[in-house]
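Have a look at the structure below, then the notes.
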Amino acid sequence: MENVRTPRGTRPDFESPKELILVKRASQMRATYQIRLLLYFAQKQHRRLIVEVPESCVIDKNLSQLLSQLCSQFPDTLTIRRR
């Protein structure tokens, strides 16, 4: 059987004309496919992606690196909000 990749999609939990909001209740956040794809949509639509996480959530190194790369190229595109 061939290894065929099926395209995947994702949707934010909430949308507004200026923002896409993704709510995650995880103890650790990584730069997952879901976050990277929503970030791509946010950039294309000139919106901001807000990822809401618990106060105690640990941000993984790969997500921190993605944030620092974006700050120089696309300021205010990705925000991590602790709640």
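Starting from 1 in every chain, residues are counted up; chains themselves are A, B, ... following the order of the structure tokens, and ligands are numbered from 1 as listed.
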Notebook entry, point to check: Can you list, as a ChimeraX atom specification, every protein, DNA or RNA residue that comes within 7 Å of A:Arg47 when you count only C-alpha atoms, leaving out same-chain residues fewer than 4 positions away?
Noted result: /A:18-20,42-43,77
Next item on the list: Within 10 Å of A:Val58, counting only C-alpha atoms, which residues show up once you throw out same-chain ones fewer than 2 positions away? Write them as a PyMOL selection string, please.
Entry: chain A and resi 26-30+53-56+60-61
Margin query: Between A:Gly9, A:Leu37, A:Val51, A:Arg83, which residue has the minimum interatomic distance to A:Lys24, considering only C-alpha atoms?
Written below: A:Val51
Note to self: Just list as a list of chain:residue names whatever in chain A DSSP marks as strand (DSSP E or B).
What the structure shows: A:Phe14, A:Glu15, A:Glu19, A:Leu20, A:Ile21, A:Leu22, A:Val23, A:Gln28, A:Met29, A:Arg48, A:Leu49, A:Ile50, A:Val51, A:Glu52, A:Val53, A:Val58, A:Ile59, A:Leu78, A:Thr79, A:Ile80, A:Arg81, A:Arg82
Item checked: Residue set, chain A restricted to alpha helix (DSSP H), as a PyMOL selection string -> chain A and resi 33-44+61-73
Notebook entry, point to check: What lies within 9 Å of A:Asp13 using only C-alpha atoms, ignoring chain neighbours under 2 positions off, as an MDAnalysis selection string?
Noted result: chainID A and resid 11 15 20:23
Export of prior selection with N, CA and C atoms as a tab-separated table (two decimals), in the first residue's frame:
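Once everything was written out, this is again_31.tsv:
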```
chain	number	residue	atom	x	y	z
A	11	ARG	N	-9.70	24.43	12.51
A	11	ARG	CA	-10.48	25.65	12.69
A	11	ARG	C	-10.20	26.20	14.08
A	15	GLU	N	-13.70	33.10	16.11
A	15	GLU	CA	-13.21	33.97	15.05
A	15	GLU	C	-13.86	35.33	15.16
A	20	LEU	N	-8.19	35.24	15.26
A	20	LEU	CA	-8.51	33.82	15.36
A	20	LEU	C	-8.08	33.40	16.75
A	21	ILE	N	-8.95	32.75	17.51
A	21	ILE	CA	-8.63	32.38	18.88
A	21	ILE	C	-8.69	30.87	19.03
A	22	LEU	N	-7.60	30.32	19.55
A	22	LEU	CA	-7.50	28.89	19.81
A	22	LEU	C	-7.31	28.70	21.31
A	23	VAL	N	-8.20	27.94	21.93
A	23	VAL	CA	-8.14	27.69	23.36
A	23	VAL	C	-7.57	26.30	23.58
```
Next item on the list: Enter the distance from atom CA of A:Gln45 to atom CA of A:Gln73, in Å, rounded to one decimal.
Entry: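 Going from atom CA of A:Gln45 over to atom CA of A:Gln73, I get 15.5 Å.
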